[in-house]
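**Q** Have a peek at work_11.cif (mmCIF, C-alpha atoms).
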data_coords
#
loop_
_atom_site.label_atom_id
_atom_site.label_comp_id
_atom_site.auth_asym_id
_atom_site.auth_seq_id
_atom_site.Cartn_x
_atom_site.Cartn_y
_atom_site.Cartn_z
CA MET X 1 -30.71 -76.47 39.98
CA LYS X 2 -30.57 -75.08 36.47
CA ARG X 3 -29.48 -71.67 37.74
CA THR X 4 -26.81 -73.22 39.94
CA LEU X 5 -25.43 -74.98 36.90
CA ILE X 6 -25.44 -71.77 34.88
CA LEU X 7 -23.58 -69.94 37.64
CA LEU X 8 -20.96 -72.65 37.91
CA ILE X 9 -20.47 -72.67 34.16
CA LEU X 10 -20.13 -68.89 34.21
CA ILE X 11 -17.45 -69.03 36.91
CA VAL X 12 -15.55 -71.74 35.04
CA VAL X 13 -15.73 -69.82 31.76
CA VAL X 14 -14.50 -66.57 33.33
CA SER X 15 -11.68 -68.38 35.13
CA SER X 16 -10.68 -70.24 31.99
CA PHE X 17 -10.59 -67.00 30.04
CA PHE X 18 -8.20 -65.38 32.50
CA LEU X 19 -6.04 -68.46 32.78
CA SER X 20 -5.83 -68.89 29.04
CA THR X 21 -4.90 -65.24 28.65
CA ALA X 22 -2.23 -65.58 31.31
CA TYR X 23 -0.68 -68.60 29.64
CA ALA X 24 -1.05 -67.43 26.09
CA GLN X 25 1.15 -68.76 23.38
CA VAL X 26 3.28 -66.88 20.94
CA GLN X 27 3.26 -67.61 17.28
CA ALA X 28 6.66 -67.53 15.68
CA ARG X 29 8.01 -68.13 12.22
CA LEU X 30 11.32 -69.87 11.76
CA ARG X 31 13.00 -70.05 8.40
CA VAL X 32 16.03 -72.24 7.87
CA ILE X 33 18.23 -70.88 5.11
CA ARG X 34 21.33 -72.39 3.55
CA ALA X 35 23.75 -69.71 2.43
CA SER X 36 26.76 -70.56 0.29
CA ASN X 37 29.19 -69.24 -2.26
CA VAL X 38 28.53 -72.05 -4.66
CA GLY X 39 26.49 -70.81 -7.55
CA GLN X 40 24.35 -67.72 -7.51
CA GLY X 41 20.76 -66.99 -6.80
CA PHE X 42 18.09 -66.21 -4.30
CA ASP X 43 15.33 -68.59 -3.43
CA PRO X 44 12.09 -66.88 -4.56
CA SER X 45 10.59 -67.62 -1.12
CA LEU X 46 13.21 -65.36 0.43
CA ARG X 47 12.35 -62.37 -1.71
CA ASP X 48 11.09 -60.41 1.33
CA VAL X 49 14.47 -60.68 3.09
CA HIS X 50 16.61 -60.32 -0.02
CA ASN X 51 17.86 -56.85 0.85
CA GLU X 52 18.56 -57.66 4.50
CA LEU X 53 20.52 -60.81 3.76
CA GLY X 54 22.36 -59.14 0.88
CA SER X 55 23.42 -56.20 3.04
CA LEU X 56 24.51 -58.34 6.00
CA PHE X 57 26.28 -61.26 4.35
CA SER X 58 28.42 -61.80 1.32
CA PHE X 59 27.14 -65.16 0.19
CA THR X 60 26.16 -65.58 -3.43
CA SER X 61 23.44 -68.19 -2.98
CA TYR X 62 20.53 -68.39 -0.51
CA ARG X 63 18.17 -71.33 -0.41
CA LEU X 64 15.20 -71.86 1.90
CA LEU X 65 15.37 -75.30 3.51
CA ARG X 66 12.44 -75.05 5.92
CA ASP X 67 9.74 -72.55 6.75
CA GLU X 68 7.98 -73.39 10.01
CA ASN X 69 5.21 -71.73 12.00
CA LEU X 70 5.86 -72.43 15.66
CA ASN X 71 3.44 -72.28 18.56
CA LEU X 72 5.68 -71.34 21.44
CA ALA X 73 4.21 -72.10 24.85
CA LEU X 74 5.92 -71.24 28.10
CA ASN X 75 8.75 -73.62 28.96
CA ARG X 76 7.89 -76.02 26.18
CA PRO X 77 10.82 -76.51 23.84
CA VAL X 78 10.24 -76.80 20.11
CA SER X 79 12.96 -78.38 17.98
CA ILE X 80 13.69 -77.89 14.32
CA SER X 81 16.32 -79.97 12.63
CA ALA X 82 18.45 -79.39 9.59
CA ARG X 83 20.98 -81.50 7.70
CA GLU X 84 19.01 -84.67 8.42
CA GLY X 85 18.95 -84.08 12.12
CA ARG X 86 22.64 -83.30 12.53
CA ILE X 87 21.97 -79.69 13.42
CA ILE X 88 19.09 -79.01 15.79
CA LEU X 89 17.73 -75.67 16.89
CA GLU X 90 15.62 -75.75 20.01
CA THR X 91 13.46 -72.76 20.93
CA THR X 92 11.79 -72.36 24.31
CA LEU X 93 9.53 -69.52 25.33
CA VAL X 94 10.72 -68.48 28.79
CA GLY X 95 8.92 -65.20 29.26
CA LEU X 96 6.00 -63.34 27.86
CA SER X 97 5.21 -59.72 28.40
CA ARG X 98 3.29 -57.05 26.65
CA GLY X 99 5.31 -56.12 23.62
CA PHE X 100 7.87 -58.88 23.63
CA ALA X 101 8.57 -62.52 24.22
CA GLU X 102 11.73 -63.99 25.65
CA ALA X 103 13.02 -67.11 23.98
CA ARG X 104 15.93 -69.38 24.86
CA ILE X 105 17.58 -70.80 21.79
CA ARG X 106 19.97 -73.70 21.73
CA VAL X 107 21.79 -74.91 18.64
CA ALA X 108 23.40 -78.33 18.76
CA ARG X 109 25.46 -80.19 16.25
CA GLU X 110 25.20 -83.95 16.58
CA GLY X 111 24.29 -83.64 20.25
CA THR X 112 26.97 -81.08 21.11
CA GLU X 113 25.73 -77.66 22.02
CA ILE X 114 27.38 -74.99 19.94
CA LEU X 115 25.20 -72.06 20.99
CA ASN X 116 23.01 -71.21 23.95
CA THR X 117 21.38 -67.81 23.96
CA GLN X 118 18.36 -65.93 25.15
CA VAL X 119 16.75 -63.28 23.01
CA ARG X 120 13.85 -60.88 23.22
CA LEU X 121 11.48 -61.09 20.30
CA SER X 122 9.43 -57.97 19.69
CA PRO X 123 7.04 -57.05 16.89
CA GLY X 124 8.90 -56.43 13.66
CA ARG X 125 12.20 -57.73 15.05
CA THR X 126 14.09 -60.44 13.20
CA VAL X 127 16.72 -62.52 14.93
CA LEU X 128 19.16 -64.21 12.59
CA ILE X 129 21.25 -67.01 13.98
CA GLY X 130 23.90 -68.17 11.60
CA GLY X 131 27.18 -69.91 11.32
CA PRO X 132 26.65 -73.67 11.66
CA ARG X 133 28.60 -75.18 8.80
CA VAL X 134 27.05 -77.33 6.14
CA ARG X 135 28.67 -78.57 2.97
CA ASP X 136 29.63 -75.56 0.82
CA GLY X 137 28.05 -73.06 3.16
CA VAL X 138 26.33 -72.23 6.42
CA ILE X 139 22.91 -72.42 7.99
CA ILE X 140 21.09 -69.21 8.86
CA TYR X 141 17.98 -69.32 11.05
CA ALA X 142 15.59 -66.40 10.74
CA LEU X 143 13.22 -66.10 13.69
CA TYR X 144 10.27 -63.70 13.95
CA ALA X 145 7.55 -63.52 16.56
CA ARG X 146 3.95 -62.74 15.67
CA PHE X 147 1.99 -60.82 18.27
CA MET N 1 -103.54 -87.73 26.22
CA LYS N 2 -103.13 -85.37 29.14
CA ASP N 3 -100.55 -87.65 30.74
CA SER N 4 -98.77 -87.99 27.44
CA CYS N 5 -98.84 -84.21 26.99
CA SER N 6 -97.41 -83.52 30.44
CA SER N 7 -94.58 -86.01 29.89
CA VAL N 8 -93.78 -84.60 26.41
CA THR N 9 -93.84 -80.99 27.62
CA LYS N 10 -90.85 -81.83 29.83
CA LEU N 11 -89.00 -83.05 26.75
CA VAL N 12 -89.89 -80.15 24.43
CA GLU N 13 -87.09 -77.89 25.65
CA LYS N 14 -84.56 -80.74 25.47
CA TYR N 15 -85.91 -81.52 21.98
CA PHE N 16 -85.38 -77.91 20.94
CA ASP N 17 -81.78 -78.06 22.20
CA GLY N 18 -81.18 -81.38 20.37
CA GLU N 19 -80.47 -83.18 23.60
CA VAL N 20 -83.06 -85.95 23.33
CA THR N 21 -82.44 -89.60 22.45
CA ASP N 22 -83.75 -91.06 19.19
CA LYS N 23 -86.59 -92.72 21.06
CA GLU N 24 -87.57 -89.45 22.80
CA LYS N 25 -87.28 -87.59 19.50
CA LEU N 26 -89.78 -89.96 17.83
CA LEU N 27 -92.10 -89.60 20.80
CA VAL N 28 -91.99 -85.78 20.78
CA GLU N 29 -92.37 -85.47 17.01
CA GLY N 30 -95.32 -87.91 17.02
CA HIS N 31 -96.98 -86.00 19.82
CA LEU N 32 -96.40 -82.57 18.28
CA GLN N 33 -98.36 -83.54 15.15
CA ASP N 34 -101.51 -83.97 17.19
CA CYS N 35 -101.03 -81.54 20.12
CA SER N 36 -101.45 -77.86 19.39
CA ALA N 37 -100.64 -76.91 23.03
CA CYS N 38 -97.19 -78.50 22.76
CA GLN N 39 -96.70 -76.93 19.32
CA ASP N 40 -97.39 -73.56 20.95
CA ALA N 41 -94.97 -74.39 23.75
CA LEU N 42 -92.24 -75.18 21.19
CA LYS N 43 -92.96 -71.96 19.31
CA SER N 44 -92.75 -69.92 22.50
CA ILE N 45 -89.37 -71.52 23.33
CA GLU N 46 -88.16 -70.67 19.81
CA GLY N 47 -89.37 -67.10 20.19
CA LEU N 48 -87.73 -66.72 23.57
CA ARG N 49 -84.40 -68.08 22.34
CA THR N 50 -84.46 -65.79 19.31
CA LEU N 51 -85.21 -62.87 21.57
CA ILE N 52 -82.14 -63.59 23.71
CA LYS N 53 -79.77 -64.89 21.00
CA THR N 54 -80.10 -62.08 18.46
CA PRO N 55 -78.88 -59.14 20.58
CA VAL N 56 -76.03 -61.26 22.02
CA GLU N 57 -74.85 -62.22 18.54
CA GLU N 58 -75.11 -58.64 17.33
CA ALA N 59 -73.07 -57.42 20.31
CA ALA N 60 -70.46 -60.14 19.77
CA GLU N 61 -70.12 -59.23 16.09
CA LYS N 62 -69.51 -55.61 17.02
CA GLU N 63 -66.81 -56.55 19.54
CA ASP N 64 -63.18 -56.88 18.31
CA PHE N 65 -62.04 -59.92 20.28
CA PRO N 66 -58.40 -60.13 19.02
CA TRP N 67 -57.89 -56.55 20.07
CA VAL N 68 -59.39 -57.27 23.50
CA TRP N 69 -57.01 -60.21 23.94
CA GLN N 70 -54.04 -58.12 22.89
CA LYS N 71 -55.03 -55.52 25.43
CA ILE N 72 -55.30 -58.14 28.16
CA GLU N 73 -51.94 -59.69 27.25
CA ARG N 74 -50.26 -56.29 27.22
CA GLU N 75 -51.70 -55.54 30.63
CA ILE N 76 -50.41 -58.87 32.00
CA ARG N 77 -46.96 -58.25 30.54
CA SER N 78 -46.74 -54.74 31.96
CA GLN N 79 -47.58 -56.08 35.39
CA GLU N 80 -45.03 -58.88 35.09
CA LYS N 81 -42.18 -56.74 33.70
CA LEU N 82 -39.47 -56.16 36.31
CA THR N 83 -36.51 -53.89 36.26
CA TRP N 84 -33.09 -55.47 35.64
CA TRP N 85 -32.24 -55.00 39.30
CA GLN N 86 -35.45 -56.69 40.47
CA THR N 87 -34.82 -59.47 38.01
CA LEU N 88 -31.28 -59.92 39.28
CA ARG N 89 -32.41 -59.88 42.89
CA SER N 90 -35.19 -62.34 42.34
CA TRP N 91 -32.77 -64.50 40.39
CA LEU N 92 -30.21 -64.43 43.16
CA ASP N 93 -32.77 -64.82 45.93
CA VAL N 94 -34.09 -68.00 44.41
CA SER N 95 -30.65 -69.39 43.75
CA PRO N 96 -29.83 -72.22 46.16
CA LEU N 97 -26.21 -71.07 46.02
CA LEU N 98 -27.10 -67.91 47.91
CA ARG N 99 -29.12 -69.76 50.46
CA LYS N 100 -26.27 -72.14 51.07
CA LYS N 101 -23.83 -69.23 51.29
CA ILE N 102 -21.55 -70.71 48.70
CA TRP N 103 -21.32 -67.32 47.08
CA VAL N 104 -18.81 -66.03 49.58
CA PRO N 105 -16.09 -68.64 48.94
CA ALA N 106 -16.93 -68.63 45.22
CA VAL N 107 -16.45 -64.88 44.91
CA ALA N 108 -13.33 -65.05 47.11
CA THR N 109 -11.87 -67.74 44.86
CA LEU N 110 -12.67 -65.70 41.79
CA VAL N 111 -11.03 -62.61 43.26
CA VAL N 112 -7.88 -64.58 44.17
CA LEU N 113 -7.82 -66.08 40.69
CA LEU N 114 -8.20 -62.67 39.08
CA PHE N 115 -5.49 -61.27 41.31
CA ILE N 116 -3.04 -64.03 40.40
CA THR N 117 -3.75 -63.89 36.70
CA GLY N 118 -3.73 -60.10 36.78
CA GLN N 119 -0.25 -60.23 38.28
CA ILE N 120 0.90 -62.40 35.44
CA ILE N 121 -0.81 -60.40 32.72
CA PHE N 122 -0.11 -56.91 33.92
CA ARG N 123 3.17 -57.36 35.70
CA LYS N 124 5.53 -54.53 35.12
CA THR N 125 8.55 -55.33 33.10
CA PRO N 126 11.76 -53.36 32.98
CA SER N 127 11.90 -51.28 29.86
CA TYR N 128 15.01 -52.48 28.12
CA PRO N 129 16.53 -50.35 25.46
CA ASP N 130 15.69 -51.85 22.10
CA SER N 131 19.34 -52.66 21.46
CA SER N 132 19.47 -55.30 24.24
CA VAL N 133 17.71 -57.97 22.26
CA VAL N 134 20.21 -60.62 23.27
CA GLU N 135 20.17 -61.26 26.98
CA TYR N 136 23.04 -63.71 27.00
CA VAL N 137 25.09 -65.87 24.68
CA GLU N 138 27.11 -68.93 25.57
CA SER N 139 29.18 -71.24 23.45
CA GLY N 140 31.67 -73.66 24.88
CA THR N 141 33.14 -74.53 21.52
CA ASN N 142 33.04 -71.53 19.22
CA ASN N 143 33.41 -67.80 19.06
CA VAL N 144 30.15 -65.90 18.77
CA MET N 145 29.49 -62.45 17.37
CA ILE N 146 26.39 -60.32 17.96
CA TYR N 147 25.47 -57.65 15.51
CA ASN N 148 22.48 -55.32 15.70
CA LEU N 149 21.07 -53.56 12.71
CA GLU N 150 18.75 -51.18 14.50
CA LYS N 151 17.31 -49.46 11.48
CA ALA N 152 16.13 -52.73 9.98
CA LYS N 153 15.37 -54.21 13.44
CA ILE N 154 17.60 -57.19 12.77
CA THR N 155 19.84 -58.89 15.28
CA VAL N 156 22.47 -61.31 14.05
CA ILE N 157 24.06 -63.94 16.25
CA TRP N 158 26.88 -65.57 14.38
CA VAL N 159 28.65 -68.73 15.46
CA PHE N 160 32.12 -69.07 14.00
CA GLU N 161 32.60 -72.70 13.14
CA GLU N 162 35.67 -74.09 11.51
CA PRO N 163 35.20 -75.16 7.87
CA GLY N 164 35.76 -78.83 8.70
CA GLU N 165 32.88 -79.06 11.20
CA ASP N 166 30.43 -80.62 8.79
CA GLN N 167 32.70 -83.43 7.62
CA THR N 168 30.01 -86.03 8.09
CA SER N 169 27.90 -84.47 5.40
CA SER N 170 27.42 -86.39 2.21
#
Please express the file's structure as structure tokens.
**A**
Amino acid sequence: MKRTLILLILIVVVSSFFLSTAYAQVQARLRVIRASNVGQGFDPSLRDVHNELGSLFSFTSYRLLRDENLNLALNRPVSISAREGRIILETTLVGLSRGFAEARIRVAREGTEILNTQVRLSPGRTVLIGGPRVRDGVIIYALYARF
Amino acid sequence: MKDSCSSVTKLVEKYFDGEVTDKEKLLVEGHLQDCSACQDALKSIEGLRTLIKTPVEEAAEKEDFPWVWQKIEREIRSQEKLTWWQTLRSWLDVSPLLRKKIWVPAVATLVVLLFITGQIIFRKTPSYPDSSVVEYVESGTNNVMIYNLEKAKITVIWVFEEPGEDQTSS
């Protein structure tokens, strides 16, 4: 009886391991940045992306609004809001392969979708989604996947 | 006296071994004071016991009993020790699962499960060029620009909103 139980536990553990591997999650980091031409300065938390933002955009001020670590599971949307919920970015993991993850990203302003895209996130790749207007500037989302 | 002597003689050996009752002990000790024949009988028992006991004790002292036990235990273990294959077989043979033939569907289920999960884990994916990070972009309201900075591995998706879009802001 004891051995039967051990065998059953063994089978369940092995099966669980394979299933959990198959439906693994992806860790992602999403930073919400407000860029504007009012004032000057870089948020110290954005020091690591100072050069990239400076070379891509011509804003004079960058401020970090939110820095979130996301657990992206297949087909489970994760929403991050900005501007008191007026602008919402929704990320959904739609595919997972060795070396990259596919994510569908929707940006909505007050319920109206302004962007719907699907991107491939690979190690070391940063996807910047910008443009939604806020007072005196724009919102820039910086998305990275952690493998 | 003779009767008393014959009845005490039976008790002398028990007396020597300390197996008599208090009453018998008093009887024997009282009798021994007066009876030289029974005293001799007791002495001969003592002599005989000493003769047997001494060599046995000497032999036991010479013998290393812990070592003997270790040797016996080692021998038992060596006889009981099975190879991993024998262990596995005996383990499986005893298992009621094997007797009930549940193993066959269990293994089949496991194989199917491994096959399905293996398909998901190791499925081949088309190797996209690194530049095609964005698979599609849709916007019903605004113009959208995609810009790839390959050296820095940055992809920019920019939504062009009119300046007045955030009028509700405080």
**Q** As an exercise, work out the distance from atom CA of Pro123 of chain X to atom CA of Phe100 of chain X in Å and give it to one decimal place.
**A**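 Separation of atom CA of Pro123 of chain X and atom CA of Phe100 of chain X: 7.0 Å.
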**Q** Show me the residues close to (18.5, -53.9, 11.2) - anything with an atom within 12 Å, counting only C-alpha atoms - and format the list as a list in words.
**A**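 Every polymer residue passing the test: Val49, Asn51, Glu52, Leu53, Ser55, Leu56, Gly124, Arg125, Thr126, Val127 and Leu128 of chain X; Asp130, Ser131, Val133, Tyr147, Asn148, Leu149, Glu150, Lys151, Ala152, Lys153, Ile154, Thr155 and Val156 of chain N.
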**Q** What's around His31 of chain N at 10 Å? Count only C-alpha atoms, leave out sequence neighbours fewer than 4 positions away in its own chain, and write the answer as number ranges by chain.
**A** N: 1, 4-5, 8-9, 25-27, 35-36, 38-39
**Q** Can I get the selected residues back with C-alpha atoms, as an mmCIF file, in the coordinates of the input?
**A**
data_model
loop_
_atom_site.group_PDB
_atom_site.id
_atom_site.type_symbol
_atom_site.label_atom_id
_atom_site.label_comp_id
_atom_site.auth_asym_id
_atom_site.auth_seq_id
_atom_site.Cartn_x
_atom_site.Cartn_y
_atom_site.Cartn_z
ATOM 1 C CA MET N 1 -103.540 -87.730 26.220
ATOM 2 C CA SER N 4 -98.770 -87.990 27.440
ATOM 3 C CA CYS N 5 -98.840 -84.210 26.990
ATOM 4 C CA VAL N 8 -93.780 -84.600 26.410
ATOM 5 C CA THR N 9 -93.840 -80.990 27.620
ATOM 6 C CA LYS N 25 -87.280 -87.590 19.500
ATOM 7 C CA LEU N 26 -89.780 -89.960 17.830
ATOM 8 C CA LEU N 27 -92.100 -89.600 20.800
ATOM 9 C CA CYS N 35 -101.030 -81.540 20.120
ATOM 10 C CA SER N 36 -101.450 -77.860 19.390
ATOM 11 C CA CYS N 38 -97.190 -78.500 22.760
ATOM 12 C CA GLN N 39 -96.700 -76.930 19.320
#
**Q** Ranking X:Ser97, X:Asn69, X:Thr91, X:Ser58 by minimum distance to Arg31 of chain X and counting all atoms listed in the file, which one comes first?
**A** X:Asn69
**Q** Can you tell me how far atom CA of Ile45 of chain N sits from atom CA of Ala59 of chain N, in Å to one decimal?
**A**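 Taking atom CA of Ile45 of chain N and atom CA of Ala59 of chain N, their separation equals 21.8 Å.
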**Q** Figure out the distance between atom CA of Arg120 of chain X and atom CA of Glu102 of chain X, please, to one decimal in Å.
**A**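 Atom CA of Arg120 of chain X lies at a distance of 4.5 Å from atom CA of Glu102 of chain X.
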